[in-house]
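Okay, structure first, notes after.
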Amino acid sequence: MIDATIELDGALKVSKFLELPQAIESYVKNGDVIAMEGFTHLIPFAAGHEIIRQKITDLTAVRLTPDLIYDQMIGAGCVKKLIFSWGGNPGVGSLHRFRDAYQNSWPNKIEIEEHTHAGLTNRYVAGASGIGFAVLKGYSGSDLVSHTQNVAEIKSPFSDEVITAVAAINPDVTILHAQQADKAGNVMMWGITGVAKEAVFAASKVIVTVEEVVEKFEPKFSSIIIPSNLIDAISVVPNGAWPSYASDFYERDNNQYIAWDDISKDRDRFTEWLNSEIYNKSSAGK
Amino acid sequence: MNTTWTADEMMTIAAARTLQDGNTCFVGIGIPSTAAILAKSMQAPSLFLIYESGTVNTNPQKLPLSIGDGELANHALTVVGMPEIFNYWLQSGRIDVGFLGAAQIDRFANINTTFIGQTYDSPKVRLPGAGGATEIAASCKEVAIIIRQTTRTFVKQVDFVTSMGFGDGPGSREKNRLRGGGPSRVITDLGILEPDPKTLELTMTYLHPGVDISQAIENTGWELKVSPNLKTTKAPEQSELDKVRALVSTSDK
């Protein structure tokens with residue numbers, strides 16, 4: 001049925017289409033730098049839940065907006081460092097598990113590295129370009145400069161212009177959710193794609209969960225295609241972005257985002273959620 | 001006039017009125033977004049709205065709940081990646097007006113969206129952080145800030161400068177090599193403040209109808225400068241109120 005394959009250890013060819021638990025087990029290791037992108041749209045929640053289920057720890061977790069997905073992974077003890085640029089529950093308020101970890105070291109201490117969207121975007125651009133840093137006009141005038149790493153001022157070699165440099169970010173693994181894959185293992189996503197492309201090119205390994213596999217892609221408004229040779233594993237996970245949304249498949253479940261505020265405020269309620277919704281459920285979307 | 005309105009409605013309408021048709025506007029979520037969408041149904045139908053999620057020239061029919069709402073993508077001219085948004089649209093100086101909210105503001109319109117109280121490492125209240133705001137404040141030709149005026153928000157010194165307004169006065173923006181002109185107005189639930197042309201300190205230039213200057217002074221955490229030509233904002237027209245109410249009623253909340 002599906003004929004996309006990948007060479008493992010230079011010899012054995014296996015299908016690139018894996019069940020989600022197998023994809024996570026194969027490519028996500030304790031201590032990895034991981035980027036699970038998707039700007040409000042197409043957030044790979046099912047993959048995040050599988051990481052929690054497999055009790056992977058000590059991750060350096062990178063995302064522009066940690067959102068509920070990293071709040072959940074932080075609360076579950078998967079994360080030792082968070083690199084981000086906007087850390088709220090969009091349209092609702094705070095990320096309580098993130099705050100509890102950062103301020104009270106529960107369930108473990110986490111380190112943070114905070115950026116602006118423009119800065120973190122350009123860290124991915126540098127990583128994707130294979131250069132050690134990228135330049136921008138950014139951070140200037142903000143107190144952030146004195147509280148964060150990987151940001152520096154440099155002088156242009158061509159003029160007196162002083163600009164900001166940000167160090168490249170090269171995740172060990174990038175995980176995305178997309179609407180479709182084709183049988184050859186290419187991926188298409190449309191709607192808001194954020195820094196998806198940059199996060200793919202910057203990473204050593206790439207896992208994509210998709211809503212469905214199609215024979216052939218139809219042109220879509222504002223779509224991007226990620227060719228098969230940039231992808232290590234694809235898992236078919238319908239509803240894999242819930243409670244965020246997948247344009248043309250399902251809408252954002254705003255009630256879940258609101259409900260998370262209460263669930264995450266309290267350690268016991270969160271632990272209860274973790275047991276009932278993650279540990280005691282098998283890998284799947286909604 | 002029999003018409004009555006809420007302070008938030010007045011603030012939103014006053015903010016919407018300041019946007020000029022044909023301008024390119026970079027919008028933050030919340031009341032700034034409501035005001036910008038409202039402006040498109042009033043005097044600025046061809047306002048070119050850009051959100052940091054990558055939606056370019058979007059014309060949302062209902063209020064987006066988040067910055068990456070599908071509503072913004074579905075009604076956009078195009079949807080692009082974030083490097084294009086931040087590097088090509090914003091950083092290069094192509095945006096006329098940045099429309100921002102904030103948790104705290106000081107007399108030089110520096111704004112804080114990072115934390116309140118104590119220290120960065122051990123904050124009393126941790127806020128979401130910069131997002132797109134730092135570079136929006138830096139690079140747009142001008143910036144409008146929409147914020148409710150209380151002693152909690154209008155503070156003598158912000159706990160953290162997330163995004164620079166005029167720093168500590170004339171020369172600060174130049175020293176920090178900020179491309180854009182900085183804040184041109186702050187629209188509150190009580191009135192409008194504009195930077196003094198010489199000192200750049202925020203000065204109360206308009207009060208909304210029914211608001212007394214003593215209210216504005218009481219709700220400001222520093223000694224508020226008041227313009228000698230203090231004016232009264234034009235009261236909302238029924239059509240403006242109808243539009244803002246219709247818009248707010250589209251919210252999924």
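Residue numbering restarts at 1 for every chain of the structure tokens, chains are lettered A, B, ... in their displayed order, and ligands are numbered from 1 as they appear.
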For segment 134-140 of chain A, list every protein, DNA or RNA residue within 6 Å, evaluated using only C-alpha atoms, and leave out those in the same chain fewer than 2 positions away; present the list as a PyMOL selection string. (chain A and resi 122+126+142+163-166) or (chain B and resi 135+176)
Contact residues (chain B, partner chain A, 6 Å, only C-alpha atoms) as a VMD selection string: chain B and resid 65 to 66 68 73 79 81 to 82 86 128 to 132 135 161 to 164 176
Taking C-alpha atoms for each residue, export the selection above as a short mmCIF file (atom, residue, chain, number, x, y, z; two decimals), in the first residue's frame.
data_model
loop_
_atom_site.label_atom_id
_atom_site.label_comp_id
_atom_site.auth_asym_id
_atom_site.auth_seq_id
_atom_site.Cartn_x
_atom_site.Cartn_y
_atom_site.Cartn_z
CA LEU B 65 -9.88 34.26 19.81
CA SER B 66 -6.19 33.73 19.25
CA GLY B 68 -3.44 32.01 14.90
CA ALA B 73 -6.18 32.50 7.63
CA VAL B 79 -0.74 33.23 4.44
CA GLY B 81 5.72 31.87 6.99
CA MET B 82 6.95 33.79 10.01
CA PHE B 86 9.14 39.43 10.81
CA PRO B 128 3.42 35.45 28.47
CA GLY B 129 6.42 37.53 27.35
CA ALA B 130 7.37 39.34 24.17
CA GLY B 131 5.83 37.44 21.29
CA GLY B 132 5.97 39.85 18.39
CA GLU B 135 10.02 44.24 17.20
CA VAL B 161 10.79 46.72 29.56
CA THR B 162 9.56 44.12 27.10
CA SER B 163 9.14 46.63 24.30
CA MET B 164 10.67 50.07 24.21
CA ASN B 176 18.98 51.69 20.63
#
Hey, which of B:Leu247, B:Ala39, B:Ala138, B:Ile192 ends up closest to Thr205 of chain B? Count only C-alpha atoms.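 Between B:Leu247, B:Ala39, B:Ala138, B:Ile192, the residue approaching Thr205 of chain B most closely is B:Ile192.
Using only C-alpha atoms, the smallest distance between any of B:Ser139, B:Gln43, B:Thr119, B:Thr134 and Arg177 of chain B comes from B:Ser139.
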Among listed residues A:Lys55, A:Arg97, A:Arg63, A:Lys81, nearest Asp261 of chain A (using only C-alpha atoms):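 Of A:Lys55, A:Arg97, A:Arg63, A:Lys81, the one nearest Asp261 of chain A, counting only C-alpha atoms, is A:Arg97.
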What residues in segment 85-225 of chain B get the DSSP label strand (DSSP E or B)? Please answer as a PDB file with C-alpha atoms, in the first residue's frame.
ATOM      1  CA  VAL B  97       1.013  51.272  12.428  1.00  0.00           C
ATOM      2  CA  GLY B  98       1.618  48.690  15.125  1.00  0.00           C
ATOM      3  CA  PHE B  99      -1.383  48.120  17.386  1.00  0.00           C
ATOM      4  CA  LEU B 100      -0.436  46.715  20.798  1.00  0.00           C
ATOM      5  CA  GLN B 104       2.051  47.914  32.277  1.00  0.00           C
ATOM      6  CA  ILE B 105       3.116  51.181  30.679  1.00  0.00           C
ATOM      7  CA  ILE B 111       5.602  48.518  27.883  1.00  0.00           C
ATOM      8  CA  ASN B 112       5.781  45.350  29.922  1.00  0.00           C
ATOM      9  CA  PHE B 115       6.279  39.792  34.550  1.00  0.00           C
ATOM     10  CA  ILE B 116       4.822  41.816  37.440  1.00  0.00           C
ATOM     11  CA  GLY B 117       6.411  42.098  40.856  1.00  0.00           C
ATOM     12  CA  GLN B 118       9.671  40.811  42.368  1.00  0.00           C
ATOM     13  CA  PRO B 123       8.212  36.823  39.525  1.00  0.00           C
ATOM     14  CA  LYS B 124       5.017  37.459  41.451  1.00  0.00           C
ATOM     15  CA  VAL B 125       2.999  37.171  38.250  1.00  0.00           C
ATOM     16  CA  ARG B 126       4.583  35.716  35.176  1.00  0.00           C
ATOM     17  CA  GLU B 142       4.229  54.462  14.538  1.00  0.00           C
ATOM     18  CA  VAL B 143       2.743  52.491  17.403  1.00  0.00           C
ATOM     19  CA  ALA B 144      -0.618  52.799  19.119  1.00  0.00           C
ATOM     20  CA  ILE B 145      -1.073  51.180  22.521  1.00  0.00           C
ATOM     21  CA  ILE B 146      -4.481  50.273  23.862  1.00  0.00           C
ATOM     22  CA  PHE B 154      -0.015  53.140  34.444  1.00  0.00           C
ATOM     23  CA  SER B 163       9.136  46.627  24.302  1.00  0.00           C
ATOM     24  CA  PRO B 183       4.373  55.364  20.175  1.00  0.00           C
ATOM     25  CA  SER B 184       2.210  58.076  18.689  1.00  0.00           C
ATOM     26  CA  ARG B 185      -0.768  57.596  21.012  1.00  0.00           C
ATOM     27  CA  VAL B 186      -2.035  55.592  23.944  1.00  0.00           C
ATOM     28  CA  ILE B 187      -5.758  54.966  23.922  1.00  0.00           C
ATOM     29  CA  GLY B 191      -9.029  59.177  27.079  1.00  0.00           C
ATOM     30  CA  ILE B 192      -6.033  59.498  24.787  1.00  0.00           C
ATOM     31  CA  LEU B 193      -2.422  60.347  25.612  1.00  0.00           C
ATOM     32  CA  GLU B 194       0.181  61.516  23.123  1.00  0.00           C
ATOM     33  CA  PRO B 195       3.905  62.052  23.589  1.00  0.00           C
ATOM     34  CA  LEU B 202       2.921  60.940  27.586  1.00  0.00           C
ATOM     35  CA  THR B 203       0.471  63.821  27.900  1.00  0.00           C
ATOM     36  CA  MET B 204      -3.273  63.552  28.270  1.00  0.00           C
ATOM     37  CA  THR B 205      -4.701  65.223  25.169  1.00  0.00           C
ATOM     38  CA  TYR B 206      -8.256  63.857  25.090  1.00  0.00           C
ATOM     39  CA  LEU B 207     -10.757  62.778  27.708  1.00  0.00           C
ATOM     40  CA  LYS B 225       0.987  65.762  32.354  1.00  0.00           C
TER      41      LYS B 225
END
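Using only C-alpha atoms, the smallest distance between any of A:Asn275, A:Thr174, A:Ser282, A:Thr57 and Ala233 of chain A comes from A:Thr174.
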